[in-house]
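Below: one structure, written as structure tokens.
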Amino acid sequence: MRLYFIALQFLTIIPLPFRVRCYEKDLGRAMAFFPLAGLTIGLLLVGVDFVACRLFPRPVTDLLLLATLAAVTGALHLDGLADVCDGLAARGGRERFLAVMKDSRTGAVGVVGLVLGLMLKYEVLLQVPGDKKWGALLLFPMLARYGQVQSTVGARSARQDGLGAAFVASAGSFQLLVAMVAALPLSWLILGVQGLWPFLAVFLLTCFLRWWFHRRLGGVTGDVIGCISELNEITCLLVLVMSSRV
């Protein structure tokens with residue numbers, strides 16, 4: 001349970017009523033519990049939806065849900081999305097890309113990428129059928145956190161320092177196996193067969209993006225992992241909407 005609470009502390013700003021000791025190697029080991037921490041975030045979103053939908057129309061409620069998600073995660077992965085967009089827009093090679101991502105300032109392209117990502121996530125969430133909404137709220141944070149594990153384990157670190165390097169160095173195949181064993185059955189339990197398609201989409205997209213960043217940067221960074229997580233959240237919701245229509 002200690003590793004679960006470490007995962008929850010890293011992925012959220014939820015205060016715990018007790019102190020949890022965390023050593024450097026615990027960061028990677030805690031990745032095994034990232035899907036469960038994502039499911040915890042999803043449960044919080046379901047609770048917010050339960051209250052908000054009785055007070056506000058659906059568009060306002062869904063906007064509040066995304067605001068809650070950004071707040072409870074400290075916008076950690078949104079920052080990664082913006083930084084990667086800035087890096088993609090920078091002219092130059094690998095070193096230039098990495099330098100731009102490390103800059104604390106957000107450029108115009110980063111702002112555009114961030115706004116478009118949030119708008120797309122909001123519009124897709126709005127299209128999720130009402131009878132599948134709670135399932136979607138549980139599923140997309142969980143699968144996105146599973147994708148973080150997949151994008152980290154076995155990857156190379158594009159930098160020698162930073163949180164990304166710490167996770168890459170200490171997370172192994174066991175953490176990926178545990179995360180997958182948790183995420184796949186939970187996807188089926190939450191939405192049945194319809195929950196397996198988002199898992200497959202997240203798996204394939206993460207494989208592709210990890211390959212691309214290895215080719216472009218020689219590995220992954222914390223910003224890259226955060227960006228992949230945001231794209232996986234959007235992808236999960238897109239697949240749910242598409243499968244519902246089909």
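By convention here, the chains of the structure tokens are called A, B, ... in the order presented, each chain's residues are numbered starting at 1, and ligands are numbered starting at 1 in the order presented.
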Practice task
Tell me, as a PyMOL selection string, which residues lie within 12 Å of Phe18 of chain A, counting only C-alpha atoms; anything in the same chain fewer than 2 positions away does not count.
Solution key: chain A and resi 2+5-6+9+14-16+20-21
Problem - Shell of 9 Å around segment 210-216 of chain A, only C-alpha atoms, local chain residues under 3 positions omitted, as a PyMOL selection string - result: chain A and resi 93-94+150-152+155-158+205-207+219-220+224-225+228
Would you mind exporting the chosen residues as a PDB file, in the first residue's frame, restricted to N, CA and C atoms?
ATOM      1  N   GLY A  93      17.928  20.596 -33.930  1.00  0.00           N
ATOM      2  CA  GLY A  93      17.977  19.166 -33.680  1.00  0.00           C
ATOM      3  C   GLY A  93      17.562  18.780 -32.285  1.00  0.00           C
ATOM      4  N   ARG A  94      18.090  17.663 -31.849  1.00  0.00           N
ATOM      5  CA  ARG A  94      17.710  17.075 -30.568  1.00  0.00           C
ATOM      6  C   ARG A  94      17.994  18.012 -29.398  1.00  0.00           C
ATOM      7  N   GLN A 150       3.762   2.241 -19.557  1.00  0.00           N
ATOM      8  CA  GLN A 150       4.207   1.635 -20.811  1.00  0.00           C
ATOM      9  C   GLN A 150       5.237   2.507 -21.523  1.00  0.00           C
ATOM     10  N   SER A 151       5.060   3.822 -21.453  1.00  0.00           N
ATOM     11  CA  SER A 151       5.993   4.719 -22.136  1.00  0.00           C
ATOM     12  C   SER A 151       7.326   4.830 -21.413  1.00  0.00           C
ATOM     13  N   THR A 152       7.380   4.373 -20.158  1.00  0.00           N
ATOM     14  CA  THR A 152       8.594   4.498 -19.347  1.00  0.00           C
ATOM     15  C   THR A 152       9.416   3.228 -19.298  1.00  0.00           C
ATOM     16  N   ALA A 155      12.283   2.085 -21.773  1.00  0.00           N
ATOM     17  CA  ALA A 155      12.666   3.221 -22.592  1.00  0.00           C
ATOM     18  C   ALA A 155      14.060   3.705 -22.208  1.00  0.00           C
ATOM     19  N   ARG A 156      14.639   4.517 -23.072  1.00  0.00           N
ATOM     20  CA  ARG A 156      15.880   5.220 -22.747  1.00  0.00           C
ATOM     21  C   ARG A 156      15.528   6.619 -22.279  1.00  0.00           C
ATOM     22  N   SER A 157      16.335   7.159 -21.413  1.00  0.00           N
ATOM     23  CA  SER A 157      16.125   8.523 -20.946  1.00  0.00           C
ATOM     24  C   SER A 157      16.861   9.483 -21.870  1.00  0.00           C
ATOM     25  N   ALA A 158      16.143  10.497 -22.345  1.00  0.00           N
ATOM     26  CA  ALA A 158      16.764  11.482 -23.235  1.00  0.00           C
ATOM     27  C   ALA A 158      17.650  12.456 -22.465  1.00  0.00           C
ATOM     28  N   LEU A 205      -1.096   3.530 -29.455  1.00  0.00           N
ATOM     29  CA  LEU A 205      -0.620   4.915 -29.555  1.00  0.00           C
ATOM     30  C   LEU A 205       0.649   5.110 -28.731  1.00  0.00           C
ATOM     31  N   THR A 206       0.693   4.525 -27.543  1.00  0.00           N
ATOM     32  CA  THR A 206       1.882   4.659 -26.705  1.00  0.00           C
ATOM     33  C   THR A 206       3.085   4.002 -27.361  1.00  0.00           C
ATOM     34  N   CYS A 207       2.888   2.840 -27.968  1.00  0.00           N
ATOM     35  CA  CYS A 207       3.977   2.176 -28.688  1.00  0.00           C
ATOM     36  C   CYS A 207       4.521   3.081 -29.788  1.00  0.00           C
ATOM     37  N   GLY A 219      15.163   9.072 -26.705  1.00  0.00           N
ATOM     38  CA  GLY A 219      14.558   8.569 -25.482  1.00  0.00           C
ATOM     39  C   GLY A 219      13.370   9.406 -25.068  1.00  0.00           C
ATOM     40  N   VAL A 220      12.972   9.281 -23.814  1.00  0.00           N
ATOM     41  CA  VAL A 220      11.826  10.024 -23.294  1.00  0.00           C
ATOM     42  C   VAL A 220      12.272  10.902 -22.135  1.00  0.00           C
ATOM     43  N   VAL A 224       7.746  14.405 -22.041  1.00  0.00           N
ATOM     44  CA  VAL A 224       7.259  13.484 -23.075  1.00  0.00           C
ATOM     45  C   VAL A 224       6.234  12.513 -22.482  1.00  0.00           C
ATOM     46  N   ILE A 225       6.532  11.971 -21.312  1.00  0.00           N
ATOM     47  CA  ILE A 225       5.596  11.039 -20.653  1.00  0.00           C
ATOM     48  C   ILE A 225       4.284  11.749 -20.339  1.00  0.00           C
ATOM     49  N   ILE A 228       2.330  12.256 -23.645  1.00  0.00           N
ATOM     50  CA  ILE A 228       1.714  10.998 -24.063  1.00  0.00           C
ATOM     51  C   ILE A 228       0.478  10.701 -23.224  1.00  0.00           C
TER      52      ILE A 228
END
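Excluding Asp79 of chain A itself and any same-chain residue fewer than 2 positions from it, the protein and nucleic acid residues within 9 Å of it, counting only C-alpha atoms, are Ala75, Leu76, His77, Leu81, Ala82, Asp83, Val84, Thr106, Gly110, Leu114, Asp223, Gly226 and Cys227 of chain A.
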Could you write those residues out with N, CA and C atoms, as a tab-separated table (two decimals), in the first residue's frame?
chain	number	residue	atom	x	y	z
A	75	ALA	N	-2.06	20.07	-12.90
A	75	ALA	CA	-1.80	20.35	-14.32
A	75	ALA	C	-0.44	19.82	-14.75
A	76	LEU	N	0.03	18.77	-14.10
A	76	LEU	CA	1.37	18.23	-14.34
A	76	LEU	C	1.56	17.79	-15.79
A	77	HIS	N	0.60	17.05	-16.31
A	77	HIS	CA	0.76	16.51	-17.65
A	77	HIS	C	0.37	17.52	-18.72
A	81	LEU	N	2.42	18.54	-22.17
A	81	LEU	CA	1.86	18.73	-23.51
A	81	LEU	C	2.32	20.05	-24.11
A	82	ALA	N	2.24	21.12	-23.32
A	82	ALA	CA	2.65	22.44	-23.81
A	82	ALA	C	4.14	22.47	-24.14
A	83	ASP	N	4.96	21.87	-23.28
A	83	ASP	CA	6.41	21.88	-23.51
A	83	ASP	C	6.79	21.10	-24.76
A	84	VAL	N	6.14	19.96	-24.99
A	84	VAL	CA	6.44	19.17	-26.18
A	84	VAL	C	6.01	19.92	-27.44
A	106	THR	N	6.37	29.23	-21.48
A	106	THR	CA	5.57	28.57	-22.50
A	106	THR	C	5.40	29.47	-23.69
A	110	GLY	N	3.05	26.27	-27.70
A	110	GLY	CA	2.67	25.51	-26.52
A	110	GLY	C	1.29	25.89	-26.02
A	114	LEU	N	-1.94	23.47	-25.96
A	114	LEU	CA	-2.65	23.27	-24.69
A	114	LEU	C	-4.13	23.57	-24.84
A	223	ASP	N	8.49	15.41	-19.54
A	223	ASP	CA	7.53	16.15	-20.37
A	223	ASP	C	6.92	15.25	-21.44
A	226	GLY	N	4.36	13.00	-19.86
A	226	GLY	CA	3.15	13.77	-19.59
A	226	GLY	C	2.35	14.05	-20.84
A	227	CYS	N	3.05	14.40	-21.93
A	227	CYS	CA	2.37	14.65	-23.21
A	227	CYS	C	1.66	13.40	-23.70
Practice task
Would you please work out which residue, of A:Phe10, A:Phe97, A:Phe140, A:Phe33, is nearest to Val178 of chain A when using only C-alpha atoms?
Solution key: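 Among the listed residues, A:Phe33 lies closest to Val178 of chain A.
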Compile the contact shell of segment 46-55 of chain A as a short mmCIF file (atom, residue, chain, number, x, y, z; two decimals) with N, CA and C atoms, in the first residue's frame: residues with an atom at most 7 Å away, counting only C-alpha atoms, same-chain residues fewer than 4 positions apart removed.
data_model
loop_
_atom_site.label_atom_id
_atom_site.label_comp_id
_atom_site.auth_asym_id
_atom_site.auth_seq_id
_atom_site.Cartn_x
_atom_site.Cartn_y
_atom_site.Cartn_z
N GLY A 42 -10.41 8.89 -11.18
CA GLY A 42 -11.70 8.69 -11.85
C GLY A 42 -12.86 8.64 -10.86
N THR A 61 -21.22 21.06 -16.35
CA THR A 61 -20.71 19.96 -15.53
C THR A 61 -19.43 19.38 -16.11
N LEU A 65 -15.67 19.17 -14.58
CA LEU A 65 -14.92 17.91 -14.46
C LEU A 65 -13.48 18.08 -14.94
N TRP A 134 -20.11 7.65 -16.52
CA TRP A 134 -19.35 7.29 -15.31
C TRP A 134 -18.27 6.27 -15.63
N LEU A 137 -15.45 8.21 -17.15
CA LEU A 137 -14.72 8.98 -16.14
C LEU A 137 -13.78 8.09 -15.33
#
Exercise for the section: Would you kindly return, as a PyMOL selection string, each protein, DNA or RNA residue with an atom no farther than 7 Å from any atom of Met31 of chain A, considering only C-alpha atoms and excluding same-chain residues fewer than 3 positions away? Expected result: chain A and resi 7+27-28+34+149+171+175
Generate a file of the selected residues that holds C-alpha atoms, formatted as a compact mmCIF listing (two decimals), in the first residue's frame.
# COMPACT_ATOMS: atom_id res chain seq x y z
CA ALA A 7 1.93 6.92 -6.77
CA LEU A 27 9.41 6.23 -7.81
CA GLY A 28 9.80 3.56 -10.46
CA PHE A 34 -0.30 4.11 -11.47
CA VAL A 149 4.04 3.06 -17.29
CA ALA A 171 10.89 0.99 -13.29
CA GLN A 175 5.92 -2.81 -12.86
Enumerate as a short mmCIF file (atom, residue, chain, number, x, y, z; two decimals) with C-alpha atoms, in the first residue's frame all residues of segment 46-217 of chain A assigned to helix (DSSP H, G or I) by DSSP on the backbone, naming them with the chain letters and numbers the document uses.
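Written out: part29.cif:
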data_model
loop_
_atom_site.label_atom_id
_atom_site.label_comp_id
_atom_site.auth_asym_id
_atom_site.auth_seq_id
_atom_site.Cartn_x
_atom_site.Cartn_y
_atom_site.Cartn_z
CA VAL A 46 -17.55 10.45 -10.70
CA GLY A 47 -18.28 12.03 -7.30
CA VAL A 48 -18.01 15.54 -8.75
CA ASP A 49 -20.28 14.55 -11.65
CA PHE A 50 -22.84 13.05 -9.25
CA VAL A 51 -23.18 16.40 -7.47
CA ALA A 52 -22.63 18.83 -10.34
CA ARG A 58 -24.19 18.93 -18.96
CA PRO A 59 -21.82 21.40 -20.70
CA VAL A 60 -21.09 23.22 -17.44
CA THR A 61 -20.71 19.96 -15.53
CA ASP A 62 -18.20 18.57 -18.05
CA LEU A 63 -16.18 21.78 -17.90
CA LEU A 64 -16.11 21.50 -14.12
CA LEU A 65 -14.92 17.91 -14.46
CA LEU A 66 -11.95 18.96 -16.58
CA ALA A 67 -11.19 21.81 -14.19
CA THR A 68 -11.25 19.31 -11.32
CA LEU A 69 -8.94 16.96 -13.22
CA ALA A 70 -6.46 19.76 -13.92
CA ALA A 71 -6.59 20.95 -10.32
CA VAL A 72 -6.24 17.57 -8.64
CA LEU A 76 1.37 18.23 -14.34
CA HIS A 77 0.76 16.51 -17.65
CA LEU A 78 -0.79 19.54 -19.32
CA ASP A 79 2.55 21.25 -18.75
CA GLY A 80 4.22 18.35 -20.55
CA LEU A 81 1.86 18.73 -23.51
CA ALA A 82 2.65 22.44 -23.81
CA ASP A 83 6.41 21.88 -23.51
CA VAL A 84 6.44 19.17 -26.18
CA CYS A 85 4.43 21.38 -28.54
CA ASP A 86 7.00 24.15 -28.03
CA GLY A 87 9.79 21.65 -28.68
CA LEU A 88 8.15 20.45 -31.88
CA ALA A 89 7.92 24.03 -33.12
CA ARG A 94 17.71 17.08 -30.57
CA GLU A 95 19.55 19.43 -28.24
CA ARG A 96 17.41 22.38 -29.30
CA PHE A 97 14.23 20.35 -28.74
CA LEU A 98 15.34 19.35 -25.24
CA ALA A 99 16.44 22.88 -24.36
CA VAL A 100 13.09 24.37 -25.38
CA MET A 101 11.17 21.77 -23.35
CA LYS A 102 13.28 22.55 -20.29
CA ALA A 108 2.82 30.53 -28.48
CA VAL A 109 2.77 27.05 -29.99
CA GLY A 110 2.67 25.51 -26.52
CA VAL A 111 -0.33 27.67 -25.61
CA VAL A 112 -2.09 26.73 -28.85
CA GLY A 113 -1.41 23.02 -28.27
CA LEU A 114 -2.65 23.27 -24.69
CA VAL A 115 -5.85 25.08 -25.66
CA LEU A 116 -6.60 22.71 -28.53
CA GLY A 117 -5.95 19.68 -26.30
CA LEU A 118 -8.31 20.94 -23.61
CA MET A 119 -10.97 21.91 -26.14
CA LEU A 120 -10.81 18.52 -27.82
CA LYS A 121 -10.99 16.69 -24.49
CA TYR A 122 -13.98 18.80 -23.44
CA GLU A 123 -15.87 18.33 -26.71
CA VAL A 124 -15.29 14.57 -26.75
CA LEU A 125 -16.30 14.18 -23.10
CA LEU A 126 -19.46 16.11 -23.91
CA GLN A 127 -20.31 13.53 -26.59
CA GLY A 130 -25.01 9.57 -20.51
CA ASP A 131 -25.27 5.87 -19.66
CA LYS A 132 -21.52 5.42 -20.34
CA LYS A 133 -20.31 8.63 -18.73
CA TRP A 134 -19.35 7.29 -15.31
CA GLY A 135 -17.56 4.40 -16.96
CA ALA A 136 -15.66 6.84 -19.16
CA LEU A 137 -14.72 8.98 -16.14
CA LEU A 138 -13.27 5.91 -14.44
CA LEU A 139 -11.59 4.59 -17.56
CA PHE A 140 -9.73 7.46 -19.21
CA PRO A 141 -7.64 8.59 -16.20
CA MET A 142 -6.77 4.96 -15.42
CA LEU A 143 -5.69 4.05 -18.96
CA ALA A 144 -3.71 7.25 -19.38
CA ARG A 145 -1.73 6.40 -16.22
CA TYR A 146 -1.21 2.88 -17.54
CA GLY A 147 0.18 4.51 -20.69
CA GLN A 148 2.70 6.38 -18.53
CA VAL A 149 4.04 3.06 -17.29
CA GLN A 150 4.21 1.64 -20.81
CA SER A 151 5.99 4.72 -22.14
CA THR A 152 8.59 4.50 -19.35
CA LEU A 163 12.09 12.92 -12.92
CA GLY A 164 11.82 11.12 -16.23
CA ALA A 165 15.33 9.75 -15.83
CA ALA A 166 14.54 8.63 -12.25
CA PHE A 167 11.46 6.71 -13.38
CA VAL A 168 13.23 5.12 -16.37
CA ALA A 169 16.11 3.99 -14.15
CA SER A 170 13.97 2.36 -11.47
CA SER A 173 9.15 -5.19 -16.52
CA PHE A 174 7.50 -6.26 -13.26
CA GLN A 175 5.92 -2.81 -12.86
CA LEU A 176 4.63 -2.90 -16.43
CA LEU A 177 3.21 -6.40 -15.96
CA VAL A 178 1.40 -5.45 -12.75
CA ALA A 179 0.05 -2.26 -14.34
CA MET A 180 -1.22 -4.18 -17.37
CA VAL A 181 -2.75 -6.94 -15.22
CA ALA A 182 -4.62 -4.20 -13.34
CA ALA A 183 -5.63 -2.02 -16.30
CA LEU A 184 -6.89 -4.68 -18.70
CA PRO A 185 -9.35 -6.49 -16.39
CA LEU A 186 -10.52 -3.18 -14.91
CA SER A 187 -11.27 -1.89 -18.41
CA TRP A 188 -13.47 -4.92 -19.00
CA LEU A 189 -15.14 -4.68 -15.59
CA ILE A 190 -15.96 -1.00 -16.07
CA LEU A 191 -17.42 -1.07 -19.59
CA GLY A 192 -17.34 -4.69 -20.72
CA VAL A 193 -16.05 -5.39 -24.21
CA GLN A 194 -16.45 -1.71 -25.06
CA GLY A 195 -13.78 -0.93 -22.47
CA LEU A 196 -11.21 -3.10 -24.25
CA TRP A 197 -11.08 -0.93 -27.38
CA PRO A 198 -9.74 2.15 -25.52
CA PHE A 199 -7.12 -0.07 -23.85
CA LEU A 200 -5.99 -1.32 -27.26
CA ALA A 201 -5.93 2.23 -28.66
CA VAL A 202 -3.85 3.49 -25.73
CA PHE A 203 -1.46 0.55 -26.06
CA LEU A 204 -0.90 1.12 -29.78
CA LEU A 205 -0.62 4.92 -29.55
CA THR A 206 1.88 4.66 -26.71
CA CYS A 207 3.98 2.18 -28.69
CA PHE A 208 4.05 4.53 -31.67
CA LEU A 209 4.79 7.71 -29.68
CA ARG A 210 7.53 6.04 -27.66
CA TRP A 211 9.14 4.82 -30.88
CA TRP A 212 8.88 8.30 -32.44
CA PHE A 213 10.40 10.10 -29.44
CA HIS A 214 13.22 7.59 -29.29
CA ARG A 215 13.95 8.32 -32.92
CA ARG A 216 13.63 12.10 -32.51
CA LEU A 217 15.18 12.60 -29.05
#
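Between atom CA of Gly74 of chain A and atom CA of Met242 of chain A there is a distance of 29.5 Å.
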